[in-house]
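> Have a look at this one before I ask anything.
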Amino acid sequence: MIEKEEKEEKEENKEEMKQMKEKESCQDLIYNPRTGESHPSLLPVFYGFLAGMFSLTMWVMLQTLDENVPRYQDRVANPGLVIRPHAAEISFNRSDQTNYNQYVQQLHKLLQDYNDSLQERNDLCLVDEYTEQDDKPLKKVCQFKRSTLRQCSGLTDNSFGFAEGKPCIIIKMNRVRTTTEDNPLQMQYFPSEGRLDKMFFPYYGKKAHSDYVQPLVAVKLLLTKDDYDVEQMVECRVEGSHLRNDDDRDKFQGRVSFRVKVSNVEI
């Protein structure tokens with residue numbers, strides 16, 4: 001009886017040793033811990049497998065996206081704001097064109113799609129009414145002409161006010177609703193009252209609304225000589241029903257802040 005148990009135990013140990021050797025042999029095909037060498041012919045297979053798994057994961061994820069639906073919905077609770085020129089601090093010498101040319105070029109680039117000649121192809125929509133088009137596969141686009149921005153359009157003043165020390169800042173929302181700005185500095189708004197009309201919403205996504213352009217608000221900072229060489233802090237806020245712009249925990253919720261400093265040093 002004892003001999004039988006010892007025999008069975010030896011057989012079990014023998015089987016375990018065999019399995020361990022097979023496991024080590026498989027591992028050695030990729031990496032041999034005794035020699036510190038990798039098997040070169042199997043590495044491409046291994047990395048190819050990883051790449052294939054990654055590609056499959058990405059493909060599955062992309063299948064869940066609908067091109068007819070915007071990634072950021074048109075009526076989110078707390079929209080974000082962005083400004084152009086894209087800078088947290090806009091500092092320049094009005095007497096040196098090369099000093100502010102980068103800002104001017106950003107504004108011209110932004111407004112190319114808003115040229116009147118292009119916007120005239122789009123529709124005239126009803127003011128102060130949402131342009132609901134849920135039942136239409138292709139959505140019409142409401143006109144937003146560059147000339148609407150008047151002194152901040154870059155048409156009558158190619159420098160957008162930078163040459164005179166009264167720069168224009170253009171504000172965009174993340175394709176949502178209405179905006180005004182609140183700051184003690186003297187400002188001029190285009191369109192008037194800093195208002196984004198409801199007719200430009202909702203936005204239906206890149207595929208269905210391929211020619212859509214976001215409505216803009218331009219703010220001309222009416223700085224005087226007394227304001228030169230002084231850093232001015234400007235904060236723009238979204239205002240509207242059910243929109244939050246005063247959460248101290250999130251300084252970017254429904255608002256955007258930037259600094260402006262203008263000098264007038266002759267070159």
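Identifiers in this document derive from the order of the structure tokens: chains are assigned A, B, ..., residues are numbered from 1 separately in each chain, and ligands are numbered from 1 in order of occurrence.
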Got a sec to tell me which of range 83-252 of chain A DSSP assigns to strand (DSSP E or B), as a PDB file with N, CA and C atoms, in the first residue's frame?

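Contents of states-v7.pdb, freshly written:
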ATOM      1  N   ILE A  83     -11.329  82.131 -27.138  1.00  0.00           N
ATOM      2  CA  ILE A  83     -11.097  83.429 -27.752  1.00  0.00           C
ATOM      3  C   ILE A  83     -10.059  83.303 -28.862  1.00  0.00           C
ATOM      4  N   ARG A  84     -10.115  84.242 -29.772  1.00  0.00           N
ATOM      5  CA  ARG A  84      -9.073  84.451 -30.773  1.00  0.00           C
ATOM      6  C   ARG A  84      -8.731  85.930 -30.768  1.00  0.00           C
ATOM      7  N   GLU A  89      -2.448  85.636 -22.631  1.00  0.00           N
ATOM      8  CA  GLU A  89      -1.963  87.006 -22.446  1.00  0.00           C
ATOM      9  C   GLU A  89      -1.648  87.607 -23.810  1.00  0.00           C
ATOM     10  N   ILE A  90      -2.325  88.691 -24.150  1.00  0.00           N
ATOM     11  CA  ILE A  90      -2.115  89.369 -25.433  1.00  0.00           C
ATOM     12  C   ILE A  90      -1.339  90.650 -25.143  1.00  0.00           C
ATOM     13  N   SER A  91      -0.066  90.606 -25.416  1.00  0.00           N
ATOM     14  CA  SER A  91       0.809  91.735 -25.119  1.00  0.00           C
ATOM     15  C   SER A  91       1.517  92.153 -26.402  1.00  0.00           C
ATOM     16  N   PHE A  92       1.469  93.455 -26.725  1.00  0.00           N
ATOM     17  CA  PHE A  92       2.074  93.898 -27.982  1.00  0.00           C
ATOM     18  C   PHE A  92       2.384  95.391 -27.947  1.00  0.00           C
ATOM     19  N   ASN A  93       3.258  95.782 -28.869  1.00  0.00           N
ATOM     20  CA  ASN A  93       3.610  97.180 -29.075  1.00  0.00           C
ATOM     21  C   ASN A  93       2.878  97.656 -30.325  1.00  0.00           C
ATOM     22  N   ASP A 123     -28.551  80.271 -45.845  1.00  0.00           N
ATOM     23  CA  ASP A 123     -29.935  80.738 -45.722  1.00  0.00           C
ATOM     24  C   ASP A 123     -30.076  81.921 -44.768  1.00  0.00           C
ATOM     25  N   CYS A 142     -27.468  78.801 -41.468  1.00  0.00           N
ATOM     26  CA  CYS A 142     -27.838  80.212 -41.382  1.00  0.00           C
ATOM     27  C   CYS A 142     -26.627  81.103 -41.669  1.00  0.00           C
ATOM     28  N   CYS A 168      -9.251  94.019 -31.290  1.00  0.00           N
ATOM     29  CA  CYS A 168     -10.488  93.239 -31.317  1.00  0.00           C
ATOM     30  C   CYS A 168     -10.192  91.817 -30.839  1.00  0.00           C
ATOM     31  N   ILE A 169     -11.055  91.304 -29.986  1.00  0.00           N
ATOM     32  CA  ILE A 169     -10.987  89.928 -29.508  1.00  0.00           C
ATOM     33  C   ILE A 169     -12.270  89.241 -29.953  1.00  0.00           C
ATOM     34  N   ILE A 170     -12.148  88.082 -30.562  1.00  0.00           N
ATOM     35  CA  ILE A 170     -13.329  87.362 -31.044  1.00  0.00           C
ATOM     36  C   ILE A 170     -13.596  86.174 -30.129  1.00  0.00           C
ATOM     37  N   ILE A 171     -14.862  86.047 -29.744  1.00  0.00           N
ATOM     38  CA  ILE A 171     -15.273  85.028 -28.775  1.00  0.00           C
ATOM     39  C   ILE A 171     -16.168  83.999 -29.449  1.00  0.00           C
ATOM     40  N   LYS A 172     -15.868  82.731 -29.174  1.00  0.00           N
ATOM     41  CA  LYS A 172     -16.693  81.636 -29.676  1.00  0.00           C
ATOM     42  C   LYS A 172     -17.152  80.780 -28.507  1.00  0.00           C
ATOM     43  N   MET A 173     -18.339  80.214 -28.652  1.00  0.00           N
ATOM     44  CA  MET A 173     -18.792  79.200 -27.709  1.00  0.00           C
ATOM     45  C   MET A 173     -18.659  77.844 -28.367  1.00  0.00           C
ATOM     46  N   THR A 179     -24.331  84.951 -25.353  1.00  0.00           N
ATOM     47  CA  THR A 179     -23.195  85.452 -24.591  1.00  0.00           C
ATOM     48  C   THR A 179     -23.188  86.964 -24.412  1.00  0.00           C
ATOM     49  N   THR A 180     -22.681  87.403 -23.285  1.00  0.00           N
ATOM     50  CA  THR A 180     -22.377  88.824 -23.072  1.00  0.00           C
ATOM     51  C   THR A 180     -21.092  88.884 -22.280  1.00  0.00           C
ATOM     52  N   GLU A 181     -20.477  90.037 -22.192  1.00  0.00           N
ATOM     53  CA  GLU A 181     -19.250  90.200 -21.428  1.00  0.00           C
ATOM     54  C   GLU A 181     -19.469  91.239 -20.341  1.00  0.00           C
ATOM     55  N   MET A 187     -15.879  98.960 -23.868  1.00  0.00           N
ATOM     56  CA  MET A 187     -15.864  97.994 -24.959  1.00  0.00           C
ATOM     57  C   MET A 187     -16.952  98.314 -25.967  1.00  0.00           C
ATOM     58  N   GLN A 188     -16.736  97.807 -27.166  1.00  0.00           N
ATOM     59  CA  GLN A 188     -17.745  97.900 -28.212  1.00  0.00           C
ATOM     60  C   GLN A 188     -17.963  96.494 -28.749  1.00  0.00           C
ATOM     61  N   TYR A 189     -19.231  96.113 -28.920  1.00  0.00           N
ATOM     62  CA  TYR A 189     -19.558  94.748 -29.300  1.00  0.00           C
ATOM     63  C   TYR A 189     -20.097  94.673 -30.725  1.00  0.00           C
ATOM     64  N   PHE A 190     -19.731  93.586 -31.402  1.00  0.00           N
ATOM     65  CA  PHE A 190     -20.258  93.295 -32.740  1.00  0.00           C
ATOM     66  C   PHE A 190     -20.571  91.810 -32.789  1.00  0.00           C
ATOM     67  N   VAL A 217     -18.929  86.627 -31.520  1.00  0.00           N
ATOM     68  CA  VAL A 217     -19.057  87.948 -30.932  1.00  0.00           C
ATOM     69  C   VAL A 217     -17.672  88.565 -30.922  1.00  0.00           C
ATOM     70  N   ALA A 218     -17.560  89.774 -31.463  1.00  0.00           N
ATOM     71  CA  ALA A 218     -16.288  90.492 -31.442  1.00  0.00           C
ATOM     72  C   ALA A 218     -16.366  91.599 -30.396  1.00  0.00           C
ATOM     73  N   VAL A 219     -15.295  91.724 -29.631  1.00  0.00           N
ATOM     74  CA  VAL A 219     -15.209  92.752 -28.603  1.00  0.00           C
ATOM     75  C   VAL A 219     -14.033  93.658 -28.936  1.00  0.00           C
ATOM     76  N   LYS A 220     -14.308  94.913 -29.142  1.00  0.00           N
ATOM     77  CA  LYS A 220     -13.249  95.886 -29.390  1.00  0.00           C
ATOM     78  C   LYS A 220     -12.943  96.595 -28.075  1.00  0.00           C
ATOM     79  N   LEU A 221     -11.728  96.456 -27.601  1.00  0.00           N
ATOM     80  CA  LEU A 221     -11.317  97.071 -26.345  1.00  0.00           C
ATOM     81  C   LEU A 221     -10.926  98.522 -26.606  1.00  0.00           C
ATOM     82  N   GLN A 232      -4.318  94.666 -18.361  1.00  0.00           N
ATOM     83  CA  GLN A 232      -5.766  94.688 -18.137  1.00  0.00           C
ATOM     84  C   GLN A 232      -6.288  93.257 -18.079  1.00  0.00           C
ATOM     85  N   MET A 233      -7.077  92.969 -17.071  1.00  0.00           N
ATOM     86  CA  MET A 233      -7.688  91.643 -16.939  1.00  0.00           C
ATOM     87  C   MET A 233      -9.106  91.697 -17.485  1.00  0.00           C
ATOM     88  N   VAL A 234      -9.419  90.825 -18.424  1.00  0.00           N
ATOM     89  CA  VAL A 234     -10.744  90.804 -19.054  1.00  0.00           C
ATOM     90  C   VAL A 234     -11.372  89.430 -18.835  1.00  0.00           C
ATOM     91  N   GLU A 235     -12.623  89.423 -18.449  1.00  0.00           N
ATOM     92  CA  GLU A 235     -13.357  88.166 -18.290  1.00  0.00           C
ATOM     93  C   GLU A 235     -14.645  88.225 -19.087  1.00  0.00           C
ATOM     94  N   CYS A 236     -14.859  87.223 -19.925  1.00  0.00           N
ATOM     95  CA  CYS A 236     -16.087  87.123 -20.726  1.00  0.00           C
ATOM     96  C   CYS A 236     -16.912  85.957 -20.196  1.00  0.00           C
ATOM     97  N   ARG A 237     -18.221  86.171 -20.086  1.00  0.00           N
ATOM     98  CA  ARG A 237     -19.105  85.160 -19.520  1.00  0.00           C
ATOM     99  C   ARG A 237     -20.284  84.864 -20.432  1.00  0.00           C
ATOM    100  N   VAL A 238     -20.718  83.625 -20.390  1.00  0.00           N
ATOM    101  CA  VAL A 238     -21.967  83.239 -21.035  1.00  0.00           C
ATOM    102  C   VAL A 238     -23.098  83.592 -20.086  1.00  0.00           C
TER     103      VAL A 238
END
> Which of these, A:Gly80, A:Gly254, A:Pro215, A:Gly48, has the shortest distance to Gln143 in chain A once you count only C-alpha atoms?
A:Pro215
> Rank A:Ser192, A:Ser257, A:Ser117, A:Ser210 by their smallest atom-to-atom distance to Val141 in chain A, using only C-alpha atoms, and report the top residue only.
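With only C-alpha atoms as the atom set, the closest residue is A:Ser210.
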> To one decimal place, how far is CA of Gly194 in chain A from CA of Pro167 in chain A in Å?
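Atom-to-atom, CA of Gly194 in chain A and CA of Pro167 in chain A are spaced 16.0 Å apart.
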> Just want the 9 Å neighbourhood of Ala87 in chain A, counted on only C-alpha atoms, with same-chain residues fewer than 4 positions away dropped. Output as a ChimeraX atom specification.
/A:83,103,258-259
> Write out as a ChimeraX atom specification the residues lying within 10 Å of Arg150 in chain A, counting only C-alpha atoms and excluding same-chain residues fewer than 3 positions away.
/A:145-147,153-157,189-191,218
> Could you tell me how far CA of Gly161 in chain A sits from CA of Leu222 in chain A, in Å to one decimal place?
9.3 Å
> Work out how far apart CA of Pro85 in chain A and CA of Asp227 in chain A are and give it in Å to one decimal.
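Result for CA of Pro85 in chain A versus CA of Asp227 in chain A: 20.0 Å, one decimal.
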> For Val260 in chain A, which of A:Tyr228, A:Asn99, A:Asp116, A:Asn122 is the closest residue, counting only C-alpha atoms?
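Ranked by minimum distance to Val260 in chain A, first place goes to A:Tyr228.
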> Just checking: using only C-alpha atoms, which residue out of A:Leu138, A:Leu223, A:Asn101, A:Leu56 ends up closest to Lys207 in chain A?
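Checking each of A:Leu138, A:Leu223, A:Asn101, A:Leu56 against Lys207 in chain A, counting only C-alpha atoms, the winner is A:Leu138.
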